[in-house]
Every structure is written in structure tokens, then in C-alpha cells.
$ cat protein.cif   # mmCIF, C-alpha atoms and all ligand atoms
data_protein
loop_
_atom_site.group_PDB
_atom_site.id
_atom_site.type_symbol
_atom_site.label_atom_id
_atom_site.label_comp_id
_atom_site.auth_asym_id
_atom_site.auth_seq_id
_atom_site.Cartn_x
_atom_site.Cartn_y
_atom_site.Cartn_z
ATOM 1 C CA MET A 26 105.931 57.974 99.346
ATOM 2 C CA GLN A 27 108.056 60.430 97.373
ATOM 3 C CA LYS A 28 108.285 59.610 93.642
ATOM 4 C CA ILE A 29 109.901 62.854 92.487
ATOM 5 C CA LYS A 30 112.890 64.478 94.198
ATOM 6 C CA PHE A 31 112.378 68.061 95.362
ATOM 7 C CA GLU A 32 115.289 69.319 93.237
ATOM 8 C CA GLU A 33 113.593 67.884 90.143
ATOM 9 C CA PHE A 34 110.354 69.759 90.782
ATOM 10 C CA PRO A 35 110.454 73.456 89.844
ATOM 11 C CA ILE A 36 107.618 75.491 91.387
ATOM 12 C CA ILE A 37 106.448 78.757 89.872
ATOM 13 C CA LEU A 38 106.491 81.833 92.116
ATOM 14 C CA HIS A 39 103.697 84.360 92.420
ATOM 15 C CA ILE A 40 104.407 87.520 94.396
ATOM 16 C CA SER A 41 101.320 88.796 96.208
ATOM 17 C CA ASN A 42 101.085 92.544 96.520
ATOM 18 C CA ARG A 43 98.729 93.941 99.168
ATOM 19 C CA HIS A 44 95.142 92.949 98.345
ATOM 20 C CA ILE A 45 91.702 92.356 99.801
ATOM 21 C CA HIS A 46 89.258 89.450 99.684
ATOM 22 C CA ILE A 47 85.799 90.813 100.361
ATOM 23 C CA THR A 48 82.274 89.711 101.205
ATOM 24 C CA LYS A 49 79.414 90.667 98.887
ATOM 25 C CA GLU A 50 77.867 92.623 101.765
ATOM 26 C CA HIS A 51 80.997 94.708 102.393
ATOM 27 C CA PHE A 52 81.445 95.253 98.650
ATOM 28 C CA GLU A 53 77.913 96.627 98.370
ATOM 29 C CA GLN A 54 78.508 98.921 101.349
ATOM 30 C CA LEU A 55 81.617 100.326 99.665
ATOM 31 C CA PHE A 56 80.461 100.445 96.031
ATOM 32 C CA GLY A 57 76.656 100.454 96.134
ATOM 33 C CA LYS A 58 74.186 97.706 95.328
ATOM 34 C CA ASP A 59 74.170 98.283 91.557
ATOM 35 C CA ILE A 60 77.903 97.809 90.997
ATOM 36 C CA GLN A 61 79.298 94.430 89.903
ATOM 37 C CA LEU A 62 82.686 93.009 90.828
ATOM 38 C CA THR A 63 84.423 92.766 87.433
ATOM 39 C CA LYS A 64 87.428 90.780 86.267
ATOM 40 C CA TYR A 65 90.694 92.515 85.453
ATOM 41 C CA LYS A 66 92.630 89.289 84.940
ATOM 42 C CA ASP A 67 92.551 85.638 85.906
ATOM 43 C CA LEU A 68 95.000 84.359 88.503
ATOM 44 C CA LEU A 69 96.628 80.940 88.226
ATOM 45 C CA GLN A 70 94.514 79.574 91.106
ATOM 46 C CA PRO A 71 91.346 78.255 89.423
ATOM 47 C CA GLY A 72 88.387 80.667 89.731
ATOM 48 C CA GLN A 73 90.442 83.411 91.398
ATOM 49 C CA PHE A 74 90.777 86.754 89.647
ATOM 50 C CA ALA A 75 92.164 90.227 90.163
ATOM 51 C CA ALA A 76 89.228 92.640 89.933
ATOM 52 C CA ASN A 77 89.083 96.045 88.280
ATOM 53 C CA GLU A 78 87.641 97.464 91.481
ATOM 54 C CA THR A 79 89.976 98.710 94.198
ATOM 55 C CA VAL A 80 89.576 100.005 97.746
ATOM 56 C CA ASP A 81 91.524 102.254 100.078
ATOM 57 C CA ILE A 82 93.072 100.798 103.237
ATOM 58 C CA LEU A 83 93.362 103.291 106.076
ATOM 59 C CA GLY A 84 95.377 102.833 109.252
ATOM 60 C CA PRO A 85 96.010 105.149 112.201
ATOM 61 C CA LYS A 86 99.316 106.308 110.710
ATOM 62 C CA GLY A 87 98.979 106.038 106.931
ATOM 63 C CA GLU A 88 96.967 104.661 104.047
ATOM 64 C CA PHE A 89 97.132 102.852 100.736
ATOM 65 C CA ARG A 90 94.957 103.866 97.794
ATOM 66 C CA ASN A 91 93.818 101.561 94.971
ATOM 67 C CA VAL A 92 94.312 98.238 96.739
ATOM 68 C CA ARG A 93 93.111 95.511 94.395
ATOM 69 C CA ILE A 94 90.156 93.264 95.226
ATOM 70 C CA VAL A 95 90.748 89.555 94.548
ATOM 71 C CA GLY A 96 87.527 87.793 93.589
ATOM 72 C CA PRO A 97 85.239 85.975 93.795
ATOM 73 C CA PHE A 98 83.408 87.107 96.950
ATOM 74 C CA ARG A 99 84.314 85.285 100.171
ATOM 75 C CA ASN A 100 82.502 84.530 103.413
ATOM 76 C CA SER A 101 84.678 86.960 105.337
ATOM 77 C CA THR A 102 86.672 90.030 104.394
ATOM 78 C CA GLN A 103 90.431 89.588 104.630
ATOM 79 C CA ILE A 104 93.182 92.103 103.921
ATOM 80 C CA GLU A 105 96.658 90.775 103.204
ATOM 81 C CA ILE A 106 99.572 93.185 103.531
ATOM 82 C CA SER A 107 103.328 92.982 103.982
ATOM 83 C CA ARG A 108 105.128 93.836 107.200
ATOM 84 C CA THR A 109 106.491 96.940 105.499
ATOM 85 C CA ASP A 110 102.905 97.964 104.662
ATOM 86 C CA SER A 111 101.946 97.434 108.301
ATOM 87 C CA PHE A 112 104.497 100.036 109.407
ATOM 88 C CA VAL A 113 103.100 102.547 106.891
ATOM 89 C CA LEU A 114 99.556 101.940 108.192
ATOM 90 C CA GLY A 115 100.652 101.882 111.831
ATOM 91 C CA ILE A 116 99.133 98.509 112.707
ATOM 92 C CA ARG A 117 100.503 95.146 113.904
ATOM 93 C CA PRO A 118 98.812 92.330 111.974
ATOM 94 C CA PRO A 119 99.733 88.721 112.860
ATOM 95 C CA ILE A 120 101.163 86.154 110.448
ATOM 96 C CA ARG A 121 98.255 83.899 109.531
ATOM 97 C CA ASP A 122 97.196 81.250 107.060
ATOM 98 C CA SER A 123 94.505 82.587 104.717
ATOM 99 C CA GLY A 124 91.041 82.286 106.256
ATOM 100 C CA ASN A 125 92.284 82.336 109.857
ATOM 101 C CA ILE A 126 91.441 85.916 110.809
ATOM 102 C CA LYS A 127 90.002 85.577 114.319
ATOM 103 C CA GLY A 128 91.623 88.175 116.569
ATOM 104 C CA SER A 129 93.673 89.605 113.703
ATOM 105 C CA GLU A 130 94.243 93.328 113.174
ATOM 106 C CA GLY A 131 91.506 95.874 112.462
ATOM 107 C CA VAL A 132 91.636 98.413 109.665
ATOM 108 C CA VAL A 133 89.369 100.878 107.857
ATOM 109 C CA VAL A 134 88.404 100.069 104.257
ATOM 110 C CA GLY A 135 87.224 102.888 102.011
ATOM 111 C CA GLY A 136 85.325 102.850 98.720
ATOM 112 C CA PRO A 137 83.400 105.292 96.525
ATOM 113 C CA LYS A 138 80.196 104.933 98.593
ATOM 114 C CA GLY A 139 81.548 104.806 102.129
ATOM 115 C CA LYS A 140 83.869 103.354 104.717
ATOM 116 C CA ILE A 141 83.838 100.188 106.827
ATOM 117 C CA GLU A 142 85.647 99.916 110.129
ATOM 118 C CA LEU A 143 86.762 96.305 110.442
ATOM 119 C CA LYS A 144 87.519 95.012 113.939
ATOM 120 C CA GLU A 145 89.612 92.180 112.474
ATOM 121 C CA GLY A 146 90.614 90.803 109.073
ATOM 122 C CA CYS A 147 94.039 92.255 108.377
ATOM 123 C CA ILE A 148 96.875 89.706 108.285
ATOM 124 C CA ILE A 149 100.359 89.149 106.996
ATOM 125 C CA ALA A 150 99.895 85.953 104.978
ATOM 126 C CA GLN A 151 102.047 83.033 106.011
ATOM 127 C CA ARG A 152 104.233 82.180 103.029
ATOM 128 C CA HIS A 153 102.814 79.113 101.338
ATOM 129 C CA ILE A 154 102.711 76.757 98.393
ATOM 130 C CA HIS A 155 99.431 75.709 96.790
ATOM 131 C CA PHE A 156 99.643 72.127 95.543
ATOM 132 C CA PHE A 157 97.400 70.298 93.144
ATOM 133 C CA VAL A 158 96.750 66.920 94.814
ATOM 134 C CA GLU A 159 98.658 64.817 92.265
ATOM 135 C CA ASP A 160 101.739 67.040 92.519
ATOM 136 C CA ALA A 161 101.679 66.853 96.314
ATOM 137 C CA LYS A 162 101.322 63.079 96.184
ATOM 138 C CA SER A 163 104.304 62.639 93.857
ATOM 139 C CA LEU A 164 106.428 64.760 96.205
ATOM 140 C CA GLY A 165 105.236 63.089 99.406
ATOM 141 C CA ILE A 166 103.739 66.379 100.601
ATOM 142 C CA GLU A 167 100.615 66.490 102.751
ATOM 143 C CA ASP A 168 98.288 69.374 103.550
ATOM 144 C CA LYS A 169 99.704 71.600 106.353
ATOM 145 C CA ASP A 170 103.258 70.288 105.971
ATOM 146 C CA LEU A 171 105.977 72.899 106.434
ATOM 147 C CA VAL A 172 108.959 73.055 104.083
ATOM 148 C CA LYS A 173 112.098 75.058 103.403
ATOM 149 C CA ILE A 174 112.416 76.580 99.950
ATOM 150 C CA LEU A 175 115.191 78.116 97.871
ATOM 151 C CA VAL A 176 114.293 81.446 96.229
ATOM 152 C CA GLY A 177 116.227 83.791 93.943
ATOM 153 C CA LYS A 178 118.564 81.123 92.587
ATOM 154 C CA SER A 179 121.583 82.729 90.857
ATOM 155 C CA LYS A 180 120.200 86.261 91.263
ATOM 156 C CA GLY A 181 122.782 87.386 93.763
ATOM 157 C CA ARG A 182 120.510 87.155 96.811
ATOM 158 C CA GLU A 183 119.681 83.477 96.870
ATOM 159 C CA THR A 184 117.623 82.964 100.011
ATOM 160 C CA ILE A 185 116.314 79.994 101.963
ATOM 161 C CA PHE A 186 112.891 80.531 103.503
ATOM 162 C CA SER A 187 111.703 78.268 106.298
ATOM 163 C CA ASP A 188 108.140 77.853 107.651
ATOM 164 C CA VAL A 189 106.560 77.635 104.196
ATOM 165 C CA LEU A 190 103.080 76.187 104.602
ATOM 166 C CA CYS A 191 101.907 73.551 102.107
ATOM 167 C CA ARG A 192 98.216 73.623 101.171
ATOM 168 C CA VAL A 193 96.888 70.724 99.093
ATOM 169 C CA SER A 194 93.619 70.736 97.169
ATOM 170 C CA LYS A 195 92.140 69.497 93.921
ATOM 171 C CA ASN A 196 91.037 73.115 93.465
ATOM 172 C CA TYR A 197 94.599 74.467 93.508
ATOM 173 C CA ALA A 198 97.215 74.919 90.816
ATOM 174 C CA THR A 199 100.730 74.239 92.095
ATOM 175 C CA GLU A 200 102.277 77.625 92.826
ATOM 176 C CA CYS A 201 104.315 79.312 95.581
ATOM 177 C CA HIS A 202 103.005 82.570 97.077
ATOM 178 C CA LEU A 203 105.344 85.049 98.747
ATOM 179 C CA ASP A 204 104.639 88.650 99.669
ATOM 180 C CA THR A 205 106.634 91.618 98.418
ATOM 181 C CA ASP A 206 108.912 91.766 101.474
ATOM 182 C CA GLU A 207 109.898 88.138 101.038
ATOM 183 C CA ALA A 208 110.374 88.386 97.283
ATOM 184 C CA ASN A 209 112.394 91.589 97.568
ATOM 185 C CA ALA A 210 114.674 90.049 100.186
ATOM 186 C CA ALA A 211 115.575 87.334 97.680
ATOM 187 C CA MET A 212 115.667 89.610 94.592
ATOM 188 C CA ALA A 213 112.874 87.429 93.181
ATOM 189 C CA ASP A 214 110.433 88.268 90.400
ATOM 190 C CA ASN A 215 107.001 86.997 89.449
ATOM 191 C CA GLY A 216 107.308 83.768 87.471
ATOM 192 C CA ASP A 217 110.666 82.805 88.986
ATOM 193 C CA ILE A 218 111.253 79.192 89.890
ATOM 194 C CA VAL A 219 111.581 78.096 93.513
ATOM 195 C CA TYR A 220 112.608 74.714 94.853
ATOM 196 C CA ILE A 221 111.702 72.822 97.982
ATOM 197 C CA LEU A 222 114.825 71.883 99.943
ATOM 198 C CA GLU A 223 113.334 69.764 102.695
ATOM 199 C CA LYS A 224 110.319 69.102 104.854
ATOM 200 C CA ILE A 225 110.384 70.464 108.382
ATOM 201 C CA ARG A 226 109.286 68.125 111.108
ATOM 202 C CA TYR A 227 108.333 69.748 114.381
HETATM 203 ZN ZN ZN A 301 98.061 81.724 98.059
#
$ encode --input "protein.cif" --output "C-alpha cells"
Amino acid sequence: MQKIKFEEFPIILHISNRHIHITKEHFEQLFGKDIQLTKYKDLLQPGQFAANETVDILGPKGEFRNVRIVGPFRNSTQIEISRTDSFVLGIRPPIRDSGNIKGSEGVVVGGPKGKIELKEGCIIAQRHIHFFVEDAKSLGIEDKDLVKILVGKSKGRETIFSDVLCRVSKNYATECHLDTDEANAAMADNGDIVYILEKIRY
């Protein structure tokens, strides 16, 4: 039951640059056992933070230095890059929801104390909106719904994105996450407002 119309519900945009979620074990392999993962700044999602520590991501064709770690530690290491990044690295990662890395692309991760050759873990994140449960309820949105959104309103490259995955949790703050390719296509900036246009029913 939808109590608030989509056009009356502005959603804040966060643009995700390439980053890595990492296990404690992998972190220790890259940085040594005595080094702590330290906070650079809090992210809007409760408990999530950008760390001071960064890694290098190495592909067969190219590499990125100083790729930020997003903490806290996770149960599996996951690297999220844009499609443009994938061409620089020379790899073909699939579009995946966060956490779904089985059979995804491999990559080498480098740190001050060594390198790890990952067989899988590199993905292009499916564009998504995190919803706090009460917000989702008032909009009639359920976990795993797909929606179309309007991005870059009145910026000269207003763009409609389809296949936007809705994730609902009491642990989320309501926020839309796009990667740099998507944001650039729509001339969008961090903190912009996006709007849901409609739900997609497959
Ligand atoms: Zn997200």
C-alpha cells in the first residue's frame, strides 16, 4: 500500500567510486598483523566508513593505485569498479548485487606487505537504492523490487535509469547508489536528488 507518491519522495544520491570491501584475513596479508583499519570518514549507511587505508588493484592490462577500503571488515572480499575501470584493468566483471560474487571476475590486490591473487570478487555493482524499512513501506516498495529512476534533473543530461534494485533493511539509510559511469552519463553529482518513476514488474 503506497502512502506517498514517488514524485513526492526525493532520494539522495551517492556516487560510488571504485572501492574494496575486505576480509580481516586479506587485510592482514596486505598490511601486516599489527596494522588497524582506521576511519577516514563515516558513510551515510550506518556503520559503514571510508578507511584511510588503500590498496592497489592490478589487472592484466592496467592498474589503479590508492583504491579506498570501505569498512568494517566483511566475510568475503569484494571489489566494485565501473565498466570504464574494467577496460583499464583488462577484465570483464559481471553486474552483480553486493555480496553475490560467486563466479565473478578475478583480480590482483596489492598492499604494502604483499599481493593477493583473487580468483573471484570483482564486480560492477548493480545500481541500487538502500531503503530504511519505514520509507520503503510508505512507498509500497519491497526488498528486491526493481524501479526506474530519474537522475540529473534539470542538469542538461536528465537520464532515466531502469533496473535499479531496491534493498530494504532496518540497518539502511535511504539513499541511491550509482557508480561513476552512471552518474557521469546523467551529469549527476554527489548529494543530488533522484526520483523513482515507477516499479518494474517482470
Ligand atoms: Zn549501496
$ closest_residue --input "protein.cif" --among "A:Ile120, A:Met26, A:Ile154, A:Ile47" --to "ligand ZN 301 (chain A)" --atoms "all atoms listed in the file"
A:Ile154
$ residues_around --input "protein.cif" --residues "Ser179 of chain A" --least-positions-apart "3" --cutoff "12 Å" --atoms "all atoms listed in the file" --output "list in words"
Leu175, Val176, Arg182, Glu183, Thr184, Ala211, Met212, Ala213, Asp217, Ile218 and Val219 of chain A
$ resolve_selection --input "protein.cif" --expression "the PyMOL selection byres (((not hetatm)) within 7 of (chain A and resi 301))" --output "list in words"
His153, Ile154, His155 and His202 of chain A
$ residues_around --input "protein.cif" --residues "Val189 of chain A" --least-positions-apart "5" --cutoff "10 Å" --atoms "all atoms listed in the file" --output "VMD selection string"
chain A and resid 151 to 154 169 to 174 201 to 203 221 224 to 225
$ resolve_selection --input "protein.cif" --expression "the PyMOL selection byres (((chain A and resi 45) around 7) and not hetatm)" --output "PDB file with C-alpha atoms, in the frame of the given file"
ATOM      1  CA  HIS A  44      95.142  92.949  98.345  1.00  0.00           C
ATOM      2  CA  HIS A  46      89.258  89.450  99.684  1.00  0.00           C
ATOM      3  CA  ILE A  47      85.799  90.813 100.361  1.00  0.00           C
ATOM      4  CA  ARG A  93      93.111  95.511  94.395  1.00  0.00           C
ATOM      5  CA  ILE A  94      90.156  93.264  95.226  1.00  0.00           C
ATOM      6  CA  VAL A  95      90.748  89.555  94.548  1.00  0.00           C
ATOM      7  CA  GLN A 103      90.431  89.588 104.630  1.00  0.00           C
ATOM      8  CA  ILE A 104      93.182  92.103 103.921  1.00  0.00           C
ATOM      9  CA  GLU A 105      96.658  90.775 103.204  1.00  0.00           C
TER      10      GLU A 105
END
$ closest_residue --input "protein.cif" --among "A:Lys64, A:Arg117, A:His39, A:Arg192" --to "Phe98 of chain A" --atoms "only C-alpha atoms"
A:Lys64
$ residues_around --input "protein.cif" --residues "Asp168 of chain A" --least-positions-apart "2" --cutoff "9 Å" --atoms "all atoms listed in the file" --output "list in words"
Phe156, Ala161, Ile166, Asp170, Leu171, Leu190, Cys191, Arg192, Val193 and Ser194 of chain A
$ write_last_selection --input "protein.cif" --atoms "C-alpha atoms" --output "short mmCIF file (atom, residue, chain, number, x, y, z; two decimals), keeping the file's coordinate frame"
data_model
loop_
_atom_site.label_atom_id
_atom_site.label_comp_id
_atom_site.auth_asym_id
_atom_site.auth_seq_id
_atom_site.Cartn_x
_atom_site.Cartn_y
_atom_site.Cartn_z
CA PHE A 156 99.64 72.13 95.54
CA ALA A 161 101.68 66.85 96.31
CA ILE A 166 103.74 66.38 100.60
CA ASP A 170 103.26 70.29 105.97
CA LEU A 171 105.98 72.90 106.43
CA LEU A 190 103.08 76.19 104.60
CA CYS A 191 101.91 73.55 102.11
CA ARG A 192 98.22 73.62 101.17
CA VAL A 193 96.89 70.72 99.09
CA SER A 194 93.62 70.74 97.17
#
$ atom_distance --input "protein.cif" --atom1 "atom CA of Ile148 of chain A" --atom2 "atom CA of Asn91 of chain A"
18.1 Å
$ residues_around --input "protein.cif" --residues "Lys195 of chain A" --least-positions-apart "6" --cutoff "9 Å" --atoms "all atoms listed in the file" --output "list in words"
Phe156, Phe157, Val158 and Glu159 of chain A
$ decode --input "protein.cif" --residues "segment 189-206 of chain A" --atoms "N, CA and C atoms" --output "PDB file, in the first residue's frame"
ATOM      1  N   VAL A 189      16.926  -0.633 -11.471  1.00  0.00           N
ATOM      2  CA  VAL A 189      17.503  -0.168 -10.203  1.00  0.00           C
ATOM      3  C   VAL A 189      16.951  -1.061  -9.090  1.00  0.00           C
ATOM      4  N   LEU A 190      17.849  -1.749  -8.421  1.00  0.00           N
ATOM      5  CA  LEU A 190      17.466  -2.731  -7.411  1.00  0.00           C
ATOM      6  C   LEU A 190      17.158  -2.041  -6.080  1.00  0.00           C
ATOM      7  N   CYS A 191      16.040  -2.401  -5.469  1.00  0.00           N
ATOM      8  CA  CYS A 191      15.675  -1.851  -4.160  1.00  0.00           C
ATOM      9  C   CYS A 191      16.074  -2.837  -3.067  1.00  0.00           C
ATOM     10  N   ARG A 192      16.841  -2.378  -2.094  1.00  0.00           N
ATOM     11  CA  ARG A 192      17.221  -3.200  -0.951  1.00  0.00           C
ATOM     12  C   ARG A 192      16.654  -2.545   0.301  1.00  0.00           C
ATOM     13  N   VAL A 193      15.930  -3.325   1.090  1.00  0.00           N
ATOM     14  CA  VAL A 193      15.216  -2.788   2.257  1.00  0.00           C
ATOM     15  C   VAL A 193      15.756  -3.429   3.521  1.00  0.00           C
ATOM     16  N   SER A 194      16.128  -2.592   4.494  1.00  0.00           N
ATOM     17  CA  SER A 194      16.621  -3.112   5.765  1.00  0.00           C
ATOM     18  C   SER A 194      16.488  -2.053   6.848  1.00  0.00           C
ATOM     19  N   LYS A 195      16.295  -2.514   8.076  1.00  0.00           N
ATOM     20  CA  LYS A 195      16.291  -1.565   9.195  1.00  0.00           C
ATOM     21  C   LYS A 195      17.692  -1.018   9.447  1.00  0.00           C
ATOM     22  N   ASN A 196      18.693  -1.662   8.849  1.00  0.00           N
ATOM     23  CA  ASN A 196      20.079  -1.211   9.001  1.00  0.00           C
ATOM     24  C   ASN A 196      20.522  -0.238   7.908  1.00  0.00           C
ATOM     25  N   TYR A 197      19.602   0.111   7.005  1.00  0.00           N
ATOM     26  CA  TYR A 197      19.961   1.023   5.917  1.00  0.00           C
ATOM     27  C   TYR A 197      19.417   2.426   6.166  1.00  0.00           C
ATOM     28  N   ALA A 198      20.124   3.412   5.611  1.00  0.00           N
ATOM     29  CA  ALA A 198      19.582   4.757   5.455  1.00  0.00           C
ATOM     30  C   ALA A 198      19.145   4.867   4.001  1.00  0.00           C
ATOM     31  N   THR A 199      18.047   5.558   3.742  1.00  0.00           N
ATOM     32  CA  THR A 199      17.517   5.625   2.383  1.00  0.00           C
ATOM     33  C   THR A 199      18.431   6.493   1.513  1.00  0.00           C
ATOM     34  N   GLU A 200      18.965   5.858   0.470  1.00  0.00           N
ATOM     35  CA  GLU A 200      19.990   6.502  -0.357  1.00  0.00           C
ATOM     36  C   GLU A 200      20.160   5.699  -1.649  1.00  0.00           C
ATOM     37  N   CYS A 201      20.338   6.402  -2.760  1.00  0.00           N
ATOM     38  CA  CYS A 201      20.557   5.746  -4.058  1.00  0.00           C
ATOM     39  C   CYS A 201      22.057   5.689  -4.357  1.00  0.00           C
ATOM     40  N   HIS A 202      22.537   4.526  -4.788  1.00  0.00           N
ATOM     41  CA  HIS A 202      23.945   4.354  -5.132  1.00  0.00           C
ATOM     42  C   HIS A 202      24.113   4.087  -6.621  1.00  0.00           C
ATOM     43  N   LEU A 203      24.826   4.977  -7.295  1.00  0.00           N
ATOM     44  CA  LEU A 203      25.209   4.776  -8.686  1.00  0.00           C
ATOM     45  C   LEU A 203      26.717   4.768  -8.763  1.00  0.00           C
ATOM     46  N   ASP A 204      27.268   4.164  -9.817  1.00  0.00           N
ATOM     47  CA  ASP A 204      28.725   4.250  -9.979  1.00  0.00           C
ATOM     48  C   ASP A 204      29.073   5.468 -10.844  1.00  0.00           C
ATOM     49  N   THR A 205      30.360   5.678 -11.046  1.00  0.00           N
ATOM     50  CA  THR A 205      30.792   6.902 -11.725  1.00  0.00           C
ATOM     51  C   THR A 205      30.348   6.941 -13.189  1.00  0.00           C
ATOM     52  N   ASP A 206      30.307   5.790 -13.849  1.00  0.00           N
ATOM     53  CA  ASP A 206      29.827   5.780 -15.240  1.00  0.00           C
ATOM     54  C   ASP A 206      28.384   6.262 -15.314  1.00  0.00           C
TER      55      ASP A 206
END
